[in-house]
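Written out below as structure tokens is the structure these notes cover.
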Protein chains: 4
Amino acid sequence: MHTYRLTFDCPDSIGIVNQVSTLITEHKGWISDASQHSDDETKWFFSRIEILADSIDVDLEGLRELLTPLAESLNFNWKLEDSTVPKKVIMMASKATHCLSDLLDRWHSGELNCEIPCVISNHDDMRGLVEHYGIPYHKVVIEKDNKQPGFDEVERLIKEYQGDTIVLARYMQILPPTLCALYPHKVINIHHSFLPSFIGAKPYHQASIRGVKLIGATCHYVTEDLDQGPIIEQDVSRVNHRNKVEDLVRLGKDTEKLVLARGLRAHLEDRILVHGNKTIVF
Amino acid sequence: MHTYRLTFDCPDSIGIVNQVSTLITEHKGWISDASQHSDDETKWFFSRIEILADSIDVDLEGLRELLTPLAESLNFNWKLEDSTVPKKVIMMASKATHCLSDLLDRWHSGELNCEIPCVISNHDDMRGLVEHYGIPYHKVVIEKDNKQPGFDEVERLIKEYQGDTIVLARYMQILPPTLCALYPHKVINIHHSFLPSFIGAKPYHQASIRGVKLIGATCHYVTEDLDQGPIIEQDVSRVNHRNKVEDLVRLGKDTEKLVLARGLRAHLEDRILVHGNKTIVF
Amino acid sequence: MHTYRLTFDCPDSIGIVNQVSTLITEHKGWISDASQHSDDETKWFFSRIEILADSIDVDLEGLRELLTPLAESLNFNWKLEDSTVPKKVIMMASKATHCLSDLLDRWHSGELNCEIPCVISNHDDMRGLVEHYGIPYHKVVIEKDNKQPGFDEVERLIKEYQGDTIVLARYMQILPPTLCALYPHKVINIHHSFLPSFIGAKPYHQASIRGVKLIGATCHYVTEDLDQGPIIEQDVSRVNHRNKVEDLVRLGKDTEKLVLARGLRAHLEDRILVHGNKTIVF
Amino acid sequence: MHTYRLTFDCPDSIGIVNQVSTLITEHKGWISDASQHSDDETKWFFSRIEILADSIDVDLEGLRELLTPLAESLNFNWKLEDSTVPKKVIMMASKATHCLSDLLDRWHSGELNCEIPCVISNHDDMRGLVEHYGIPYHKVVIEKDNKQPGFDEVERLIKEYQGDTIVLARYMQILPPTLCALYPHKVINIHHSFLPSFIGAKPYHQASIRGVKLIGATCHYVTEDLDQGPIIEQDVSRVNHRNKVEDLVRLGKDTEKLVLARGLRAHLEDRILVHGNKTIVF
């Protein structure tokens with residue numbers, strides 16, 4: 001289904017929906033899906049509207065022009081996307097295979113509407129599988145005592161491949177703040193705990209020591225503050241006294257890959273609006 | 001928050017939202033919440049809109065008059081409700097206390113916006129608790145070999161108390177079709193299985209024999225076909241080989257009361273639209 | 001089913017089960033349920049055994065005498081309980097009704113094998129319901145600026161009623177360390193977050209600010225360190241951007257009461273062994 | 001950890017555990033894990049015991065000989081397995097990639113202790129990925145009007161590769177009863193519904209028509225009766241009115257692959273005992 005996806009947020013006021021829908025209706029646009037949300041506390045309005053591309057009498061650029069004056073008058077933060085233009089997702093991984101392998105299968109079977117121009121890793125473990133899928137694989141070593149050159153190369157590759165989304169599929173390295181700042185709300189990480197519990201390193205060890213009865217995973221946008229970015233999706237699974245740390249690690253993988261895949265899919269479908277440090281996921 | 005709640009469904013077409021929102025905006029109505037859904041297969045449109053009562057320049061009846069011509073032209077099935085007018089919910093129970101006790105506590109603590117004009121039961125077990133909450137309790141025996149007189153009395157009581165919603169909180173009797181027909185989409189039942197598994201009597205025994213690893217509960221509107229009405233809400237809980245039938249019964253209670261409470265709350269907030277044998281729960 | 005419940009933990013070694021089972025078998029004891037666990041890291045062994053009382057040729061005291069030499073030679077921490085002797089559970093509550101109301105219904109319907117000699121609260125809100133169930137209700141005010149006299153009275157009441165278990169059913173007051181120390185692993189609290197997230201006051205507010213996608217509850221034994229005691233049970237429920245703090249509070253109640261009930265039931269059935277700050281729940 | 005795994009079931013009687021543990025202890029066997037279960041209804045006893053291979057003074061065959069007289073006297077159905085001898089799992093798949101891709105990644109990363117001597121499929125879709133992992137791939141077409149020759153070839157391949165476990169990873173063909181009968185409790189299927197709901201073809205279509213609010217998947221041993229074999233594991237995921245059949249198919253995949261992986265892992269670890277049409281999963 002070819003659609004134009006309008007997402008916007010703005011100060012709440014009377015008649016926002018009406019003004020937008022009037023404009024779309026005047027141009028014969030068929031709204032196939034619409035979601036909206038008013039945040040009482042901050043008096044802010046959020047919306048996501050899908051318009052059938054075949055129904056409306058303007059093209060994407062035409063619609064963008066039509067919407068611009070309205071967006072300005074209502075103080076929109078807004079985006080207008082074409083559902084048939086896939087995002088370019090650079091995947092970054094380390095040694096663990098579960099998240100990347102899962103995403104590649106989803107992509108290959110058509111479940112994730114994106115391109116994967118390349119995979120970047122600081123190890124060679126995943127090269128074979130990635131190249132099996134016909135995707136370029138770049139090993140970029142991050143030297144323990146001199147990380148910047150490696151990250152410079154990562155940044156160069158992202159630009160070269162024109163990546164617009166970066167997925168840290170258990171990448172295990174902390175991106176430098178300058179790189180994060182270049183891609184706000186475009187770097188997606190999977191953290192292997194139910195944040196804000198167990199921030200930082202070795203969350204499963206921390207979980208085992210505390211004796212929790214559930215372990216979780218959190219998909220979030222990366223910001224300059226470690227593990228503090230806006231949460232997109234979370235889930236948990238049950239553990240018990242029989243599970244050692246290595247069992248938590250293994251059991252946690254299932255939640256990690258599921259939560260990351262859900263979060264990425266929402267991102268690819270332009271379902272996520274960020275407000276402060278929180279997300280609205282339509 | 002005092003709102004008017006408009007719910008409607010109709011054949012899908014271009015500009016429905018726009019026409020409704022234009023009308024509301026012209027009368028200065030502030031839409032505090034809106035949900036919509038298009039069913040591709042049946043080309044049907046569903047919506048629920050909440051309008052702040054203080055914002056709009058007409059009262060409930062005025063709004064109803066304004067909407068009527070539009071509703072007719074667009075072939076709406078529609079309702080317009082005032083959020084401050086509680087529904088009148090007749091609760092029916094048998095011997096098991098968990099569902100009714102749970103609903104009474106929720107009602108008492110203000111979580112369920114309704115009146116409970118009376119409780120009807122074929123046993124006396126719950127009388128004390130119900131009367132503790134100041135609610136009239138009617139024991140109406142349903143004779144095994146002559147059920148109609150009992151159900152006639154039930155029907156009379158519902159009318160006397162002007163009940164508009166009937167909750168079968170593990171009532172254990174099958175309402176006669178004539179009574180069901182009087183209250184379409186207004187009789188809410190909790191069935192103690194994950195329908196359509198284990199229809200009919202003793203679902204936990206059936207579940208134990210089949211050796212399932214999850215047991216469930218289903219909240220649905222009652223129709224003339226036993227356990228076949230539109231499903232409102234379902235949930236499950238995990239069981240294992242250590243659980244005997246009596247454990248399934250006990251563990252199942254937690255799911256039953258939770259699922260029934262969620263379903264009833266959605267009903268009280270006018271969140272449920274029925275289409276054929278399926279529900280849209282906004 | 002009348003059973004004797006033996007629970008013990010000790011340094012792990014060869015033949016522990018064999019020595020215990022030999023002793024029980026020699027006295028014709030029928031083991032109806034047995035669980036065991038070896039902790040690799042600490043080299044510690046845990047077990048819970050239920051013996052049919054009618055099968056064994058000694059009574060509880062006789063069995064205790066038989067086991068004592070073995071328990072000494074193997075360095076057991078151990079307990080031997082009679083399943084027909086209910087624990088005496090003092091419930092403590094504040095204004096919120098959901099947990100206490102739920103526990104009372106479970107107790108009344110026979111799901112919780114315990115006595116409830118009294119309920120203590122710093123408010124009068126629950127008096128009616130508690131007295132409806134025929135349980136003494138004591139209001140003990142905890143003065144903001146002088147809490148000790150109140151807690152002295154609480155301690156006096158627990159002793160007077162010979163309580164052996166104390167349940168803080170959303171009691172909202174922090175018990176003084178001296179009182180906690182009197183009842184180690186016998187004071188059960190429900191905390192309204194997925195610990196260790198959101199320790200301390202107003203966890204739902206904290207959760208709302210952080211924008212989590214799941215909220216949780218934690219049942220744990222109370223120690224002198226606030227919200228740091230051994231975790232017995234946890235669970236979560238899904239929330240989204242539409243849920244305000246007041247919705248989190250409401251939705252969280254369902255998880256709280258479920259998690260507390262599960263934790264208390266495990267305690268009443270002598271299923272919980274504490275090791276360091278962690279629990280083994282058989 | 002190298003262990004010998006003893007699993008057995010037998011008529012329940014006094015002292016079973018004691019006799020087994022005495023024998024193991026006499027030979028200095030260290031029991032690292034033990035589970036047991038008594039079924040009250042059928043008076044049947046089930047147990048699984050892991051013994052550290054390095055601790056006991058006999059080898060696997062020696063232990064088998066020691067246990068044989070006891071097993072005969074107590075009427076055991078029993079197995080004794082060496083944890084370091086991996087099972088040989090023949091995977092069978094069709095066009096859908098999600099289950100097989102997931103299992104291959106788990107196997108490759110060491111999570112599943114088994115060999116995969118070959119994959120058999122009636123299509124070529126998965127050849128590339130399977131051969132990437134260095135596993136032989138056999139395409140065996142099952143002709144619509146003449147299926148037996150294809151299944152004869154399947155049977156031949158299983159024998160040639162000495163498969164002892166067969167996984168139907170969304171194979172989409174019904175194995176002939178003769179083949180099922182050759183491998184009792186060794187053919188593992190994933191059915192894409194929460195059985196016994198939606199037996200047979202197109203369960204997601206059935207689920208959509210019924211309007212359920214959860215969809216599920218069931219891992220079970222295959223018997224001659226379609227979708228009726230002993231259930232090993234089940235799980236569900238939440239759906240709503242926005243989800244079309246194609247969404248149910250997509251969302252269901254996540255549950256399918258998770259449930260199948262859990263079921264297979266339990267099988268590989270000899271955790272599953274079958275009793276009648278039910279499983280005990282230790």
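Chains: A, B, ... in order of the structure tokens. Residues: from 1 per chain. Ligands: from 1, in order shown.
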For the strand (DSSP E or B) assignment from backbone DSSP, which residues of segment 15-152 of chain B qualify? Please present them as a ChimeraX atom specification.
/B:31-39,44-52,77-82,87-93,114-115,119-121,137-139,143,146
With N, CA and C atoms kept, could you save the residues just selected as a CSV table (one decimal), in the first residue's frame?
```
chain,number,residue,atom,x,y,z
B,31,ILE,N,-11.5,18.5,21.1
B,31,ILE,CA,-11.4,17.0,21.1
B,31,ILE,C,-10.3,16.6,21.9
B,32,SER,N,-10.6,15.9,23.1
B,32,SER,CA,-9.5,15.5,24.0
B,32,SER,C,-9.0,14.1,23.7
B,33,ASP,N,-9.7,13.3,23.0
B,33,ASP,CA,-9.2,12.0,22.6
B,33,ASP,C,-10.0,11.6,21.3
B,34,ALA,N,-9.2,11.0,20.4
B,34,ALA,CA,-9.9,10.5,19.2
B,34,ALA,C,-9.2,9.2,18.7
B,35,SER,N,-10.0,8.2,18.3
B,35,SER,CA,-9.4,7.0,17.8
B,35,SER,C,-10.2,6.7,16.5
B,36,GLN,N,-9.6,6.1,15.6
B,36,GLN,CA,-10.3,5.7,14.4
B,36,GLN,C,-9.7,4.4,13.8
B,37,HIS,N,-10.5,3.7,13.0
B,37,HIS,CA,-10.0,2.5,12.4
B,37,HIS,C,-10.8,2.2,11.1
B,38,SER,N,-10.0,1.9,10.1
B,38,SER,CA,-10.7,1.5,8.8
B,38,SER,C,-10.5,0.0,8.6
B,39,ASP,N,-11.5,-0.7,8.4
B,39,ASP,CA,-11.4,-2.1,8.1
B,39,ASP,C,-11.3,-2.3,6.6
B,44,TRP,N,-15.2,-0.6,6.1
B,44,TRP,CA,-16.0,-0.1,7.2
B,44,TRP,C,-15.2,0.8,8.0
B,45,PHE,N,-15.7,1.9,8.5
B,45,PHE,CA,-15.0,2.9,9.3
B,45,PHE,C,-15.6,3.0,10.7
B,46,PHE,N,-14.7,3.1,11.7
B,46,PHE,CA,-15.0,3.1,13.1
B,46,PHE,C,-14.3,4.3,13.8
B,47,SER,N,-15.0,5.0,14.7
B,47,SER,CA,-14.4,6.1,15.4
B,47,SER,C,-15.0,6.3,16.8
B,48,ARG,N,-14.2,6.8,17.6
B,48,ARG,CA,-14.6,7.2,19.0
B,48,ARG,C,-13.9,8.6,19.3
B,49,ILE,N,-14.7,9.5,19.6
B,49,ILE,CA,-14.2,10.9,19.8
B,49,ILE,C,-14.7,11.4,21.2
B,50,GLU,N,-13.8,12.0,21.9
B,50,GLU,CA,-14.3,12.6,23.2
B,50,GLU,C,-14.1,14.1,23.1
B,51,ILE,N,-15.2,14.8,23.4
B,51,ILE,CA,-15.2,16.3,23.3
B,51,ILE,C,-15.4,16.9,24.7
B,52,LEU,N,-14.5,17.8,25.1
B,52,LEU,CA,-14.7,18.4,26.4
B,52,LEU,C,-16.0,19.2,26.5
B,77,ASN,N,-24.0,4.0,12.4
B,77,ASN,CA,-24.5,3.5,13.7
B,77,ASN,C,-23.8,4.3,14.7
B,78,TRP,N,-24.5,5.0,15.6
B,78,TRP,CA,-23.8,5.9,16.5
B,78,TRP,C,-24.5,6.0,17.8
B,79,LYS,N,-23.6,6.4,18.8
B,79,LYS,CA,-24.1,6.7,20.1
B,79,LYS,C,-23.4,8.0,20.6
B,80,LEU,N,-24.1,8.7,21.4
B,80,LEU,CA,-23.5,9.9,22.0
B,80,LEU,C,-23.8,9.8,23.5
B,81,GLU,N,-22.7,9.8,24.3
B,81,GLU,CA,-22.9,9.6,25.7
B,81,GLU,C,-22.2,10.7,26.5
B,82,ASP,N,-22.7,11.0,27.7
B,82,ASP,CA,-22.2,11.9,28.6
B,82,ASP,C,-21.3,11.2,29.6
B,87,LYS,N,-23.3,4.4,33.8
B,87,LYS,CA,-24.2,3.3,33.4
B,87,LYS,C,-24.7,2.5,34.7
B,88,LYS,N,-25.8,1.9,34.5
B,88,LYS,CA,-26.4,1.1,35.6
B,88,LYS,C,-26.1,-0.4,35.4
B,89,VAL,N,-25.3,-0.9,36.2
B,89,VAL,CA,-24.8,-2.3,35.9
B,89,VAL,C,-25.3,-3.2,36.9
B,90,ILE,N,-26.2,-4.2,36.4
B,90,ILE,CA,-26.7,-5.3,37.3
B,90,ILE,C,-25.6,-6.4,37.3
B,91,MET,N,-25.1,-6.7,38.5
B,91,MET,CA,-24.2,-7.8,38.6
B,91,MET,C,-24.9,-9.1,38.9
B,92,MET,N,-24.5,-10.2,38.2
B,92,MET,CA,-25.1,-11.5,38.6
B,92,MET,C,-24.0,-12.5,38.9
B,93,ALA,N,-24.2,-13.2,40.0
B,93,ALA,CA,-23.1,-14.1,40.5
B,93,ALA,C,-23.7,-15.3,41.0
B,114,CYS,N,-19.6,3.6,37.4
B,114,CYS,CA,-21.0,3.1,37.1
B,114,CYS,C,-21.7,3.1,38.5
B,115,GLU,N,-23.0,2.8,38.3
B,115,GLU,CA,-23.8,2.5,39.5
B,115,GLU,C,-24.1,1.0,39.5
B,119,VAL,N,-27.4,-6.6,43.0
B,119,VAL,CA,-26.8,-7.8,42.6
B,119,VAL,C,-27.8,-8.9,42.7
B,120,ILE,N,-27.8,-9.8,41.6
B,120,ILE,CA,-28.7,-10.9,41.6
B,120,ILE,C,-27.9,-12.2,41.6
B,121,SER,N,-28.3,-13.1,42.5
B,121,SER,CA,-27.6,-14.4,42.6
B,121,SER,C,-28.6,-15.5,42.8
B,137,TYR,N,-29.4,-6.9,47.4
B,137,TYR,CA,-29.0,-8.3,47.0
B,137,TYR,C,-30.3,-9.1,46.8
B,138,HIS,N,-30.4,-9.6,45.6
B,138,HIS,CA,-31.6,-10.5,45.4
B,138,HIS,C,-31.2,-11.9,45.1
B,139,LYS,N,-31.7,-12.8,45.9
B,139,LYS,CA,-31.5,-14.2,45.6
B,139,LYS,C,-32.7,-14.7,44.7
B,143,GLU,N,-34.6,-22.9,39.2
B,143,GLU,CA,-34.9,-24.3,39.4
B,143,GLU,C,-34.4,-25.2,38.3
B,146,ASN,N,-37.2,-26.2,36.0
B,146,ASN,CA,-38.2,-25.2,35.6
B,146,ASN,C,-37.5,-23.9,35.7
```
Close residues, Leu67 of chain B itself excluded, 10 Å, only C-alpha atoms, min 5 positions apart in chain, as a list in words:
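Residues meeting the cut-off are Leu6, Val20, Leu23, Ile24, Glu61, Gly62, Glu72, Trp78 and Leu80 of chain B.
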Which residues in segment 35-245 of chain C does DSSP call alpha helix (DSSP H)? List them as a PyMOL selection string.
chain C and resi 60-73+98-108+127-132+148-160+177-182+203-210+245
Taking only C-alpha atoms into account, find every residue of chain C that has an atom no more than 6 Å from chain D, and write it out as a VMD selection string.
chain C and resid 14 to 15 18 21 to 22 25 30
Quick one: residues within 9 Å of Glu153 of chain D, only C-alpha atoms, excluding same-chain residues fewer than 5 positions away - as number ranges by chain?
D: 140, 148, 158
Nearest residue to Leu258 of chain B out of C:Thr68, C:Ile280, C:Ser237, C:His123, using only C-alpha atoms?
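Nearest to Leu258 of chain B: C:Ser237.
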Could you work out how far atom CA of His185 of chain C lies from atom CA of Asn75 of chain C, giving the answer in Å with one decimal?
20.0 Å
